[in-house]
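Visitor: The structure's right below; bear with me while I get my questions together.
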Amino acid sequence: MRRSPLDLVRARPEPPIEFSFDGEPVAALPGQSVAAALWQSGRLAWRRTRVGDRPRGAFCGMGACYDCLVELDGVPNVRACLAPARPGALVRTQQGDGHDELR
Amino acid sequence: MVVIGAGMIGAACADALATRGMRVAVVDRGPVVGGTTGAGEGNLLVSDKAPGPELELAVESLRLWGELAGELGARALEYEPKGGLVVARDQRAFAELRASAELQRAAGVTAVDVPADGLREWEPHLAPGLAGGVHYPQDAQVQPALAAAALLRRARATGRVDLLTATAVTGLAKGRVETDAHGTLHCGAVVNAAGTWGGEVAALAGATLPVLPRRGFVLVTEPLPPLVRHKVYAADYVADVASGSADLQSSAVVEGTAAGPVLIGASRERVGFDRSLSAPVLARLAAQAAELFPVLRDVRVLRAYRGFRPYLPDHLPAIGPDPDRPWLLHACGHEGAGIGLAPATARLIAQLLDGEKPFMDPAAFGPGRFEKEES
Ligand SMILES: Cc1cc2nc3c(=O)[nH]c(=O)nc-3n(C[C@H](O)[C@H](O)[C@H](O)COP(=O)(O)OP(=O)(O)OC[C@H]3O[C@@H](n4cnc5c(N)ncnc54)[C@H](O)[C@@H]3O)c2cc1C
Ligand code: FES
């Protein structure tokens with residue numbers, strides 16, 4: 001059985017919303033960050049590093065480390081741990097610096 | 001010898017003195033590069049200096065930086081001899097820029113005029129409509145914190161250098177340096193490399209040196225693919241640097257870094273040690289950078305930082321013995337060029353302490369010059 005902190009605090013969240021990650025639907029509770037929703041869906045990495053092309057996801061979870069960068073609605077370098085998940089948002093894995101259009 | 005200050009200048013002095021076989025204690029009230037050296041950029045420029053003693057010092061210093069990169073490894077310093085490109089917005093500014101480059105050439109600087117239609121070859125993303133520019137191949141850069149640490153490390157490897165951090169100097173007299181953490185240090189001479197606080201250190205010995213802080217902000221963008229190849233700035237920057245006004249001056253110097261972010265620096269204003277963030281200053285720097293490189297318009301700035309340059313009223317550093325205290329040598333007040341000028345400053349200090357003929361006449365840097373003006 002999956003344990004959820006929602007039970008611990010007896011939360012009664014509003015119905016989940018949905019956004020897309022690399023074309024696949026991901027459910028999120030209202031107020032959740034993109035990083036939290038991705039984690040909840042079992043995804044731990046949503047970026048490849050500039051040097052060495054290594055996978056990265058959330059590290060500090062509080063906006064300080066910039067490890068969790070993601071492309072959100074076409075804008076790269078958005079911190080997934082701070083960005084609220086919104087219905088219909090287009091979230092994509094960020095490759096490197098996310099600015100291939102400038103190369 | 002006691003060197004007060006473990007910034008770029010103190011590190012270079014410790015290295016130069018230890019290499020000549022002298023025993024040195026480097027004393028800093030904070031950590032290594034906890035002062036302005038850790039809060040600025042590492043441009044090594046001849047392009048922004050008019051012929052005169054500072055340019056002479058800079059030409060020698062850039063030569064020495066090249067030597068240091070050879071000895072310590074360019075990577076250890078993040079030394080990049082990338083060259084500078086100064087651009088002019090209109091024909092009048094271009095004519096002035098070419099005229100000043102002509103004078104600089106006579107002083108040993110390599111400067112190549114670039115016509116308007118040649119600019120994009122040097123910098124593909126430059127704004128259209130600029131009148132022309134001048135390329136300065138000698139301009140280079142280092143990472144200041146790495147460079148200072150590398151010089152201190154080499155100095156300590158001689159076995160003749162003690163590094164005392166978290167140790168404030170509280171009193172100064174001939175042969176004696178009082179500290180809060182290590183008692184009294186006995187020494188033959190003292191080098192005041194306390195940067196923006198050089199005036200306070202001089203005062204401990206009863207000397208006067210009018211060093212003031214000149215605040216500067218630097219913007220750091222998100223990491224980008226290589227867009228900016230040289231140090232690029234508009235010709236007005238030189239007038240900003242030379243201004244004596246306390247008011248805000250800013251004209252962006254734009255440069256790419258090895259790690260990806262573009263650095264946009266730096267403003268100049270005299271507002272004491274006020275650390276508060278100034279949104280108008282940051283907005284102005286950003287606008288000027290986007291004017292030079294329109295591609296930066298849609299790029300995000302991740303953070304900004306500030307530092308306080310050690311400013312002396314005539315924009316020249318104080319290098320040499322105190323007029324009334326020959327045992328106290330000042331090496332501070334380098335304003336916005338202390339990284340660039342560090343190796344040649346250290347060379348002068350070492351030659352003066354060794355009783356050797358200095359490689360250039362240090363009279364213009366004489367710490368006594370302000371006393372004379374006042375009386
Ligand atoms: C925004 C900005 C951008 C800049 N860009 C450039 C650039 O591109 N190129 C360039 O060449 N320069 C640049 N500079 C200028 C450069 O940073 C300074 O000129 C240089 O760092 C000065 O070095 P320093 O060793 O004299 O001083 P500092 O690095 O400040 O070192 C002085 C040290 O003395 C110590 N100290 C002070 N009082 C005492 C005491 N009583 N006892 C013990 N220790 C004491 C301090 O703790 C400090 O560590 C820039 C500066 C700023 C602010
Ligand atoms: S996880 Fe550290 S900034 Fe988002």
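Note on naming: chains are A, B, ... as they come in the structure tokens, residues start from 1 per chain, ligands start from 1 in the order shown.
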Counting only C-alpha atoms and all ligand atoms, what are the residues, protein, DNA or RNA alike, that approach ligand 2 to within 9 Å? I want them as a PDB file with N, CA and C atoms, in the first residue's frame.
Guide:
ATOM      1  N   ALA A  35       7.572  19.782  -9.378  1.00  0.00           N
ATOM      2  CA  ALA A  35       8.509  18.753  -8.908  1.00  0.00           C
ATOM      3  C   ALA A  35       7.780  17.719  -8.053  1.00  0.00           C
ATOM      4  N   GLY A  57      17.128  15.839 -11.054  1.00  0.00           N
ATOM      5  CA  GLY A  57      15.781  16.190 -10.614  1.00  0.00           C
ATOM      6  C   GLY A  57      15.881  17.160  -9.459  1.00  0.00           C
ATOM      7  N   ALA A  58      14.936  17.081  -8.508  1.00  0.00           N
ATOM      8  CA  ALA A  58      14.974  18.010  -7.375  1.00  0.00           C
ATOM      9  C   ALA A  58      16.061  17.584  -6.394  1.00  0.00           C
ATOM     10  N   PHE A  59      16.756  18.545  -5.833  1.00  0.00           N
ATOM     11  CA  PHE A  59      17.785  18.256  -4.836  1.00  0.00           C
ATOM     12  C   PHE A  59      17.426  18.927  -3.516  1.00  0.00           C
ATOM     13  N   CYS A  60      17.380  20.273  -3.506  1.00  0.00           N
ATOM     14  CA  CYS A  60      17.063  20.952  -2.253  1.00  0.00           C
ATOM     15  C   CYS A  60      15.548  21.061  -2.036  1.00  0.00           C
ATOM     16  N   GLY A  61      14.807  21.102  -3.131  1.00  0.00           N
ATOM     17  CA  GLY A  61      13.357  21.205  -3.019  1.00  0.00           C
ATOM     18  C   GLY A  61      12.855  22.550  -2.538  1.00  0.00           C
ATOM     19  N   MET A  62      13.723  23.548  -2.478  1.00  0.00           N
ATOM     20  CA  MET A  62      13.276  24.844  -1.932  1.00  0.00           C
ATOM     21  C   MET A  62      13.866  26.032  -2.686  1.00  0.00           C
ATOM     22  N   GLY A  63      14.204  25.842  -3.962  1.00  0.00           N
ATOM     23  CA  GLY A  63      14.546  27.007  -4.781  1.00  0.00           C
ATOM     24  C   GLY A  63      15.977  27.479  -4.697  1.00  0.00           C
ATOM     25  N   ALA A  64      16.850  26.767  -3.977  1.00  0.00           N
ATOM     26  CA  ALA A  64      18.195  27.291  -3.774  1.00  0.00           C
ATOM     27  C   ALA A  64      19.237  26.690  -4.720  1.00  0.00           C
ATOM     28  N   CYS A  65      19.048  25.442  -5.146  1.00  0.00           N
ATOM     29  CA  CYS A  65      20.161  24.747  -5.800  1.00  0.00           C
ATOM     30  C   CYS A  65      20.096  24.771  -7.333  1.00  0.00           C
ATOM     31  N   TYR A  66      18.958  25.067  -7.906  1.00  0.00           N
ATOM     32  CA  TYR A  66      18.788  25.120  -9.364  1.00  0.00           C
ATOM     33  C   TYR A  66      19.053  23.773 -10.040  1.00  0.00           C
ATOM     34  N   ASP A  67      18.941  22.687  -9.289  1.00  0.00           N
ATOM     35  CA  ASP A  67      19.154  21.384  -9.906  1.00  0.00           C
ATOM     36  C   ASP A  67      17.903  20.907 -10.642  1.00  0.00           C
ATOM     37  N   CYS A  68      16.742  21.422 -10.269  1.00  0.00           N
ATOM     38  CA  CYS A  68      15.464  20.849 -10.705  1.00  0.00           C
ATOM     39  C   CYS A  68      14.933  21.508 -11.969  1.00  0.00           C
ATOM     40  N   LEU A  69      15.798  22.190 -12.748  1.00  0.00           N
ATOM     41  CA  LEU A  69      15.338  22.984 -13.890  1.00  0.00           C
ATOM     42  C   LEU A  69      14.567  22.139 -14.886  1.00  0.00           C
ATOM     43  N   VAL A  78      13.252  26.799 -15.645  1.00  0.00           N
ATOM     44  CA  VAL A  78      12.260  27.075 -14.602  1.00  0.00           C
ATOM     45  C   VAL A  78      12.488  26.068 -13.472  1.00  0.00           C
ATOM     46  N   ARG A  79      12.494  26.555 -12.231  1.00  0.00           N
ATOM     47  CA  ARG A  79      12.702  25.650 -11.097  1.00  0.00           C
ATOM     48  C   ARG A  79      11.403  24.889 -10.800  1.00  0.00           C
ATOM     49  N   ALA A  80      11.430  23.585 -11.059  1.00  0.00           N
ATOM     50  CA  ALA A  80      10.223  22.763 -10.915  1.00  0.00           C
ATOM     51  C   ALA A  80       9.742  22.740  -9.468  1.00  0.00           C
ATOM     52  N   CYS A  81      10.643  22.936  -8.502  1.00  0.00           N
ATOM     53  CA  CYS A  81      10.241  22.852  -7.100  1.00  0.00           C
ATOM     54  C   CYS A  81       9.487  24.100  -6.660  1.00  0.00           C
ATOM     55  N   LEU A  82       9.556  25.177  -7.447  1.00  0.00           N
ATOM     56  CA  LEU A  82       8.844  26.405  -7.086  1.00  0.00           C
ATOM     57  C   LEU A  82       7.627  26.632  -7.970  1.00  0.00           C
TER      58      LEU A  82
END
Visitor: So that I can see what lies close to Pro367 (chain B), please list as a list in words the residues with an atom at most 7 Å from it, counting only C-alpha atoms and leaving out residues fewer than 3 positions away in the same chain.
Guide: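 The contact residues come out as Ala318, Ile319, Gly320, Pro321, Asp322, Pro323 and His330 of chain B.
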Visitor: Output C-alpha atoms for every residue in the selection just made, as a PDB file, in the first residue's frame.
Guide:
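Writing done, so here's selection-v6.pdb:
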ATOM      1  CA  ALA B 318      48.843  53.692  -3.552  1.00  0.00           C
ATOM      2  CA  ILE B 319      52.009  51.620  -4.030  1.00  0.00           C
ATOM      3  CA  GLY B 320      55.143  52.329  -2.021  1.00  0.00           C
ATOM      4  CA  PRO B 321      56.379  53.413   1.388  1.00  0.00           C
ATOM      5  CA  ASP B 322      54.357  55.708   3.608  1.00  0.00           C
ATOM      6  CA  PRO B 323      55.963  59.165   3.460  1.00  0.00           C
ATOM      7  CA  HIS B 330      50.991  50.602   1.034  1.00  0.00           C
TER       8      HIS B 330
END
Visitor: Distance limit 7 Å, reference ligand 1, atoms considered: only C-alpha atoms and all ligand atoms. Which residues make the cut? Give them as a PyMOL selection string.
Guide: chain B and resi 4-10+27-44+167-170+193-198+201+215-218+265-266+306-310+332-341
Visitor: Among region 190-230 of chain B, which ones does DSSP assign to strand (DSSP E) (computed from the backbone)? Answer as a PyMOL selection string.
Guide: chain B and resi 190-192+212-221
Visitor: Determine, counting only C-alpha atoms, which protein, DNA and RNA residues have an atom within 9 Å of an atom of region 92-96 of chain A; residues of the same chain fewer than 6 positions away are not included. Present the result as a list in words.
Guide: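 My list of contacting residues is Ser20, Phe21, Asp22, Gly23, Ala45, Trp46, Arg47, Arg48, Thr49, Arg50, Val51, Asp53, Leu69, Val70, Glu71, Leu72, Asp73, Gly74, Pro76 and Asn77 of chain A.
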Visitor: Go through chain B residue by residue and, counting only C-alpha atoms, keep those with an atom at most 10 Å from chain A; for each kept residue give the shortest atom pair and its distance in Å to one decimal, ordered by chain and increasing number, as a Markdown table.
Guide:
| residue | atom | partner | partner_atom | distance |
| --- | --- | --- | --- | --- |
| B:His125 | CA | A:Leu102 | CA | 9.9 |
| B:Glu222 | CA | A:Asn77 | CA | 7.5 |
| B:Pro223 | CA | A:Asp97 | CA | 5.9 |
| B:Leu224 | CA | A:Asp97 | CA | 5.9 |
| B:Pro225 | CA | A:Arg103 | CA | 6.2 |
| B:Pro226 | CA | A:Arg103 | CA | 7.7 |
| B:Leu227 | CA | A:Leu102 | CA | 7.9 |
| B:Ala259 | CA | A:Arg50 | CA | 9.3 |
| B:Gly260 | CA | A:Asp97 | CA | 8.2 |
| B:Pro261 | CA | A:Asp97 | CA | 9.7 |
| B:Val295 | CA | A:Leu102 | CA | 8.3 |
| B:Val299 | CA | A:His99 | CA | 9.5 |
| B:Arg300 | CA | A:Asn77 | CA | 8.8 |
| B:Leu302 | CA | A:Asn77 | CA | 9.7 |
Visitor: Skipping near chain neighbours, those fewer than 5 positions away, what residues fall within 10 Å of region 3-13 of chain A using only C-alpha atoms, listed as a PyMOL selection string?
Guide: chain A and resi 29-31+40
Visitor: Kindly give the distance, in Å, that separates CA of Trp65 (chain B) and CA of Ala140 (chain B), rounded to a single decimal.
Guide: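 Distance between the two atoms: 9.0 Å.
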Visitor: DSSP on the backbone: what in region 106-352 of chain B comes out helix (DSSP H, G or I), as a PyMOL selection string?
Guide: chain B and resi 106+116-122+144-157+195-204+236-242+279-292+294-298+335-352
